[in-house]
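Colleague: First, the structure itself, so that you have it in front of you.
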Amino acid sequence: MDINEILAQVDAEIRDIGTREGLEEFRVKYLGRKGIVAQLTGSIPTLPVEERGRFGQQVNALKNKLSCLIREKEKSLADSGTKAASGEEDLGMPGIAQELGHLHPVTQIITRICDIFMRMGFAVVEGPEIENEYNNFTGLNIPLEHPSRDVFDTFYLKGGEKLLLRSHTSPVQIRVMQKQKPPLAVVVPGRVYRPDAVDASHSFMFHQIEGFLVDKGIRFSDLKGILEAFARAVFGEEIKMRFRPHFFPFTEPSAEVDISCIICKGKGCSVCGRKGWLEILGSGMIHPNVFKHVGIDPEVYTGFAFGMGVERIAMLKYGINDIRLFFENDLRFLKQF
Ligand code: PHE
């Protein structure tokens, strides 16, 4: 057998192969145990001694070339798809599923709560997370000696003008009322920051929704009515509410609002600390000093304001016991919503 002839022949032969089976046949024919390369190798001892070396090298070159050709062909067959190799398509084979993302549970709750207020006529407004000291504190009647103005209780930014990461969404009350005059009905979702040590119920960053309504003749009973409609929409018709007297510098009178415990329905359990009630937000009638700061006459207008923690509402609604879960991006948690 002439090796050069074989070399020319394999190029043409392999070009015509279109299936894995065909390629396997080709491999066996040349590289199999009884294949052509084996036969050539076997014939070496029959050659004159001086030809053996050169012939052996040629056989080796042929073997290498065949291996190369087969590898290339395998790759091109795989690239053109198994379809061509098997000659049939499996139409019943399931497709490759795409993982569909969805909104983060905090975003879902914010959307839901804003929807509830929008249906009652409130507009949604956002404000910046970097605020000045005036909007976060002074304009809201929070006195200089108030502990929340302390550097330990607020993230201040370096620089001349006193800038800070807002510690609540209430500064947006100031921003809106400086620009627009009553009647006003606004909700404000957004991130707030406090240098709290992180644990199951505290985070240095969380979300609030502020709400306020200002017009002539707005009374505390309007606040109660609106908040009750809100609580029913989020937690169900049977939910009970109570207003506990409290203090906020920017509202007077002020109240913290509790709902009846959704776990024990008010009987007392470990979730509500045996009290039967769960605190959900702070609220009150907007302080006359706040109105004065924004140029609204407190003798003409009255209004209420409230602020709630979004994660807290979500935790109560879904029975989540650790606020850190919202920020860890663990898909096992997030996929449940
Ligand atoms: N800003 C208050 C807080 O963060 C909540 C609040 C808002 C209370 C509006 C009363 C009125 O605790």
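Chain labels A, B, ... are given in the sequence in which chains occur in the structure tokens; within each chain residues are numbered consecutively from 1, and ligands are likewise numbered from 1 in the order shown.
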At a cut-off of 10 Å, using only C-alpha atoms, what residues contact Lys275 in chain A? Leave out same-chain residues fewer than 3 positions from it and give the result as a PDB file with N, CA, C and O atoms, in the first residue's frame.

Modeller:
```
ATOM      1  N   SER A 260     -54.630  44.890  65.724  1.00  0.00           N
ATOM      2  CA  SER A 260     -54.764  43.664  66.514  1.00  0.00           C
ATOM      3  C   SER A 260     -53.845  42.610  65.908  1.00  0.00           C
ATOM      4  O   SER A 260     -53.702  42.529  64.687  1.00  0.00           O
ATOM      5  N   CYS A 261     -53.204  41.827  66.773  1.00  0.00           N
ATOM      6  CA  CYS A 261     -52.190  40.873  66.309  1.00  0.00           C
ATOM      7  C   CYS A 261     -52.792  39.913  65.280  1.00  0.00           C
ATOM      8  O   CYS A 261     -53.817  39.274  65.526  1.00  0.00           O
ATOM      9  N   CYS A 264     -52.563  36.006  66.692  1.00  0.00           N
ATOM     10  CA  CYS A 264     -53.455  35.505  67.757  1.00  0.00           C
ATOM     11  C   CYS A 264     -54.792  36.237  67.766  1.00  0.00           C
ATOM     12  O   CYS A 264     -55.641  35.973  68.617  1.00  0.00           O
ATOM     13  N   GLY A 266     -55.470  39.113  68.758  1.00  0.00           N
ATOM     14  CA  GLY A 266     -55.661  39.969  69.925  1.00  0.00           C
ATOM     15  C   GLY A 266     -55.629  39.244  71.261  1.00  0.00           C
ATOM     16  O   GLY A 266     -55.681  39.875  72.317  1.00  0.00           O
ATOM     17  N   LYS A 267     -55.523  37.893  71.229  1.00  0.00           N
ATOM     18  CA  LYS A 267     -55.531  37.150  72.510  1.00  0.00           C
ATOM     19  C   LYS A 267     -54.204  37.283  73.251  1.00  0.00           C
ATOM     20  O   LYS A 267     -54.154  37.183  74.470  1.00  0.00           O
ATOM     21  N   GLY A 268     -53.125  37.473  72.511  1.00  0.00           N
ATOM     22  CA  GLY A 268     -51.789  37.533  73.133  1.00  0.00           C
ATOM     23  C   GLY A 268     -50.978  36.309  72.753  1.00  0.00           C
ATOM     24  O   GLY A 268     -51.388  35.183  73.036  1.00  0.00           O
ATOM     25  N   CYS A 269     -49.834  36.552  72.102  1.00  0.00           N
ATOM     26  CA  CYS A 269     -48.960  35.428  71.706  1.00  0.00           C
ATOM     27  C   CYS A 269     -47.523  35.918  71.694  1.00  0.00           C
ATOM     28  O   CYS A 269     -47.245  37.058  72.070  1.00  0.00           O
ATOM     29  N   SER A 270     -46.582  35.065  71.243  1.00  0.00           N
ATOM     30  CA  SER A 270     -45.173  35.455  71.311  1.00  0.00           C
ATOM     31  C   SER A 270     -44.857  36.552  70.297  1.00  0.00           C
ATOM     32  O   SER A 270     -43.965  37.378  70.512  1.00  0.00           O
ATOM     33  N   VAL A 271     -45.589  36.587  69.178  1.00  0.00           N
ATOM     34  CA  VAL A 271     -45.309  37.593  68.149  1.00  0.00           C
ATOM     35  C   VAL A 271     -45.624  39.003  68.661  1.00  0.00           C
ATOM     36  O   VAL A 271     -44.879  39.953  68.435  1.00  0.00           O
ATOM     37  N   CYS A 272     -46.738  39.140  69.383  1.00  0.00           N
ATOM     38  CA  CYS A 272     -47.130  40.477  69.872  1.00  0.00           C
ATOM     39  C   CYS A 272     -46.658  40.697  71.309  1.00  0.00           C
ATOM     40  O   CYS A 272     -47.069  41.673  71.947  1.00  0.00           O
ATOM     41  N   LEU A 278     -49.987  45.042  67.671  1.00  0.00           N
ATOM     42  CA  LEU A 278     -48.718  45.245  66.977  1.00  0.00           C
ATOM     43  C   LEU A 278     -48.646  46.678  66.474  1.00  0.00           C
ATOM     44  O   LEU A 278     -49.566  47.160  65.811  1.00  0.00           O
TER      45      LEU A 278
END
```

Colleague: Check range 167-257 of chain A with DSSP on the backbone and list each residue it calls alpha helix (DSSP H), as an MDAnalysis selection string.

Modeller: chainID A and resid 171:179 220:235

Colleague: Can you pull out every residue with an atom within 6 Å of ligand 1? Use only C-alpha atoms and all ligand atoms and format it as a PDB file with all heavy atoms, in the first residue's frame.

Modeller:
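The resulting pocket-v2.pdb:
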```
ATOM      1  N   HIS A 168     -35.759  59.811  57.996  1.00  0.00           N
ATOM      2  CA  HIS A 168     -37.166  59.464  57.788  1.00  0.00           C
ATOM      3  C   HIS A 168     -37.649  60.103  56.482  1.00  0.00           C
ATOM      4  O   HIS A 168     -36.903  60.866  55.853  1.00  0.00           O
ATOM      5  CB  HIS A 168     -38.047  59.863  58.983  1.00  0.00           C
ATOM      6  CG  HIS A 168     -37.891  61.296  59.447  1.00  0.00           C
ATOM      7  ND1 HIS A 168     -38.629  61.820  60.473  1.00  0.00           N
ATOM      8  CD2 HIS A 168     -37.090  62.310  59.020  1.00  0.00           C
ATOM      9  CE1 HIS A 168     -38.287  63.084  60.665  1.00  0.00           C
ATOM     10  NE2 HIS A 168     -37.363  63.401  59.795  1.00  0.00           N
ATOM     11  N   SER A 170     -40.228  62.059  56.342  1.00  0.00           N
ATOM     12  CA  SER A 170     -40.952  63.300  56.656  1.00  0.00           C
ATOM     13  C   SER A 170     -40.390  64.560  55.969  1.00  0.00           C
ATOM     14  O   SER A 170     -41.173  65.482  55.686  1.00  0.00           O
ATOM     15  CB  SER A 170     -41.008  63.496  58.174  1.00  0.00           C
ATOM     16  OG  SER A 170     -41.621  62.383  58.790  1.00  0.00           O
ATOM     17  N   GLY A 282     -46.461  55.657  62.993  1.00  0.00           N
ATOM     18  CA  GLY A 282     -46.588  56.869  63.794  1.00  0.00           C
ATOM     19  C   GLY A 282     -47.413  57.877  63.021  1.00  0.00           C
ATOM     20  O   GLY A 282     -47.404  57.884  61.789  1.00  0.00           O
ATOM     21  N   SER A 283     -48.145  58.718  63.761  1.00  0.00           N
ATOM     22  CA  SER A 283     -49.042  59.638  63.051  1.00  0.00           C
ATOM     23  C   SER A 283     -49.417  60.819  63.939  1.00  0.00           C
ATOM     24  O   SER A 283     -49.052  60.865  65.112  1.00  0.00           O
ATOM     25  CB  SER A 283     -50.317  58.889  62.640  1.00  0.00           C
ATOM     26  OG  SER A 283     -51.049  58.541  63.811  1.00  0.00           O
ATOM     27  N   GLY A 284     -50.152  61.739  63.375  1.00  0.00           N
ATOM     28  CA  GLY A 284     -50.647  62.859  64.166  1.00  0.00           C
ATOM     29  C   GLY A 284     -51.115  63.999  63.275  1.00  0.00           C
ATOM     30  O   GLY A 284     -51.056  63.916  62.053  1.00  0.00           O
ATOM     31  N   ALA A 305     -50.480  63.685  59.261  1.00  0.00           N
ATOM     32  CA  ALA A 305     -49.344  63.003  58.635  1.00  0.00           C
ATOM     33  C   ALA A 305     -49.153  61.667  59.330  1.00  0.00           C
ATOM     34  O   ALA A 305     -49.557  61.488  60.484  1.00  0.00           O
ATOM     35  CB  ALA A 305     -48.081  63.844  58.751  1.00  0.00           C
ATOM     36  N   PHE A 306     -48.588  60.737  58.586  1.00  0.00           N
ATOM     37  CA  PHE A 306     -48.248  59.447  59.199  1.00  0.00           C
ATOM     38  C   PHE A 306     -47.017  58.893  58.506  1.00  0.00           C
ATOM     39  O   PHE A 306     -46.667  59.322  57.386  1.00  0.00           O
ATOM     40  CB  PHE A 306     -49.421  58.455  59.084  1.00  0.00           C
ATOM     41  CG  PHE A 306     -49.876  58.208  57.672  1.00  0.00           C
ATOM     42  CD1 PHE A 306     -49.250  57.254  56.877  1.00  0.00           C
ATOM     43  CD2 PHE A 306     -50.925  58.952  57.124  1.00  0.00           C
ATOM     44  CE1 PHE A 306     -49.662  57.040  55.571  1.00  0.00           C
ATOM     45  CE2 PHE A 306     -51.341  58.742  55.814  1.00  0.00           C
ATOM     46  CZ  PHE A 306     -50.715  57.792  55.034  1.00  0.00           C
ATOM     47  N   GLY A 307     -46.333  57.980  59.175  1.00  0.00           N
ATOM     48  CA  GLY A 307     -45.154  57.355  58.575  1.00  0.00           C
ATOM     49  C   GLY A 307     -45.067  55.914  59.033  1.00  0.00           C
ATOM     50  O   GLY A 307     -45.213  55.628  60.218  1.00  0.00           O
TER      51      GLY A 307
END
```

Colleague: Set the distance at 12 Å and use only C-alpha atoms: which residues neighbour Val106 in chain A once local chain neighbours fewer than 3 positions away are removed? I'd like the list as a VMD selection string.

Modeller: chain A and resid 102 to 103 109 to 113 189 to 191 206 to 209 309 to 315 317 to 318 323 325 to 327 329 334 337

Colleague: Determine, counting only C-alpha atoms, which protein, DNA and RNA residues have an atom within 9 Å of an atom of Lys63 in chain A; residues of the same chain fewer than 5 positions away are not included. Present the result as number ranges by chain.

Modeller: A: 30-31, 37, 58, 68

Colleague: Give me, please, the distance in Å between CA of Ser76 in chain A and CA of Thr19 in chain A, quoted to one decimal.

Modeller: 10.3 Å

Colleague: To one decimal place, how far is CA of Cys114 in chain A from CA of Val186 in chain A in Å?

Modeller: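 A separation of 9.7 Å between them.
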
Colleague: Which residues are close to range 241-256 of chain A, i.e. within 10 Å by only C-alpha atoms, leaving aside same-chain residues fewer than 6 positions away? Reply as a ChimeraX atom specification.

Modeller: /A:137-143,146,170,220,224,227-228,231-232,277-291,303-307

Colleague: Rank nothing, just name the residue among A:Met93, A:Leu40, A:Ile116, A:Gly295 nearest to Asp2 in chain A, using only C-alpha atoms.

Modeller: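 Selected residue with least distance to Asp2 in chain A: A:Leu40.
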
Colleague: So the first atom is CA of Lys162 in chain A and the second is CA of Tyr134 in chain A; what is the distance between them in Å, to one decimal place?

Modeller: 8.7 Å

Colleague: Applying 12 Å and only C-alpha atoms, which residues near Glu161 in chain A remain after dropping the ones on its own chain fewer than 2 positions away? List them as JSON, numbers by chain.

Modeller: {"A": [130, 131, 132, 133, 134, 156, 157, 158, 159, 163, 164]}

Colleague: Could you check the closest approach to Leu184 in chain A for each of A:Ile239, A:Val125, A:Asp199, A:Glu13 and tell me which residue wins, using only C-alpha atoms?

Modeller: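 The closest residue to Leu184 in chain A is A:Val125.
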
Colleague: Smallest atom-to-atom distance to Val187 in chain A: which of A:Glu126, A:Glu72, A:Asp153, A:Glu21, using only C-alpha atoms?

Modeller: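 The answer is A:Glu126, which sits nearest to Val187 in chain A.
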
Colleague: DSSP on the backbone, strand (DSSP E or B) only: what residues of range 113-195 of chain A does that give? Format it as a ChimeraX atom specification.

Modeller: /A:123-124,130-132,156,163-165,184-193

Colleague: Need the shell around Arg175 in chain A: protein/DNA/RNA residues with any atom at most 9 Å away, counting only C-alpha atoms. Skip same-chain ones fewer than 6 positions apart. Format as a short mmCIF file (atom, residue, chain, number, x, y, z; two decimals) with all heavy atoms, in the first residue's frame?

Modeller:
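Dumped everything to part.cif:
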```cif
data_model
loop_
_atom_site.label_atom_id
_atom_site.label_comp_id
_atom_site.auth_asym_id
_atom_site.auth_seq_id
_atom_site.Cartn_x
_atom_site.Cartn_y
_atom_site.Cartn_z
N GLY A 127 -38.62 61.87 47.21
CA GLY A 127 -37.64 62.90 47.55
C GLY A 127 -36.26 62.29 47.60
O GLY A 127 -36.12 61.06 47.57
N ASN A 135 -34.51 70.35 56.18
CA ASN A 135 -35.69 69.54 55.83
C ASN A 135 -35.87 68.34 56.76
O ASN A 135 -36.98 67.94 57.07
CB ASN A 135 -35.58 69.05 54.39
CG ASN A 135 -35.76 70.17 53.39
OD1 ASN A 135 -36.25 71.25 53.73
ND2 ASN A 135 -35.37 69.93 52.15
N VAL A 294 -43.29 76.44 56.28
CA VAL A 294 -43.46 76.32 54.82
C VAL A 294 -44.43 77.38 54.28
O VAL A 294 -44.81 77.34 53.11
CB VAL A 294 -43.96 74.91 54.42
CG1 VAL A 294 -42.90 73.87 54.71
CG2 VAL A 294 -45.28 74.56 55.11
#
```
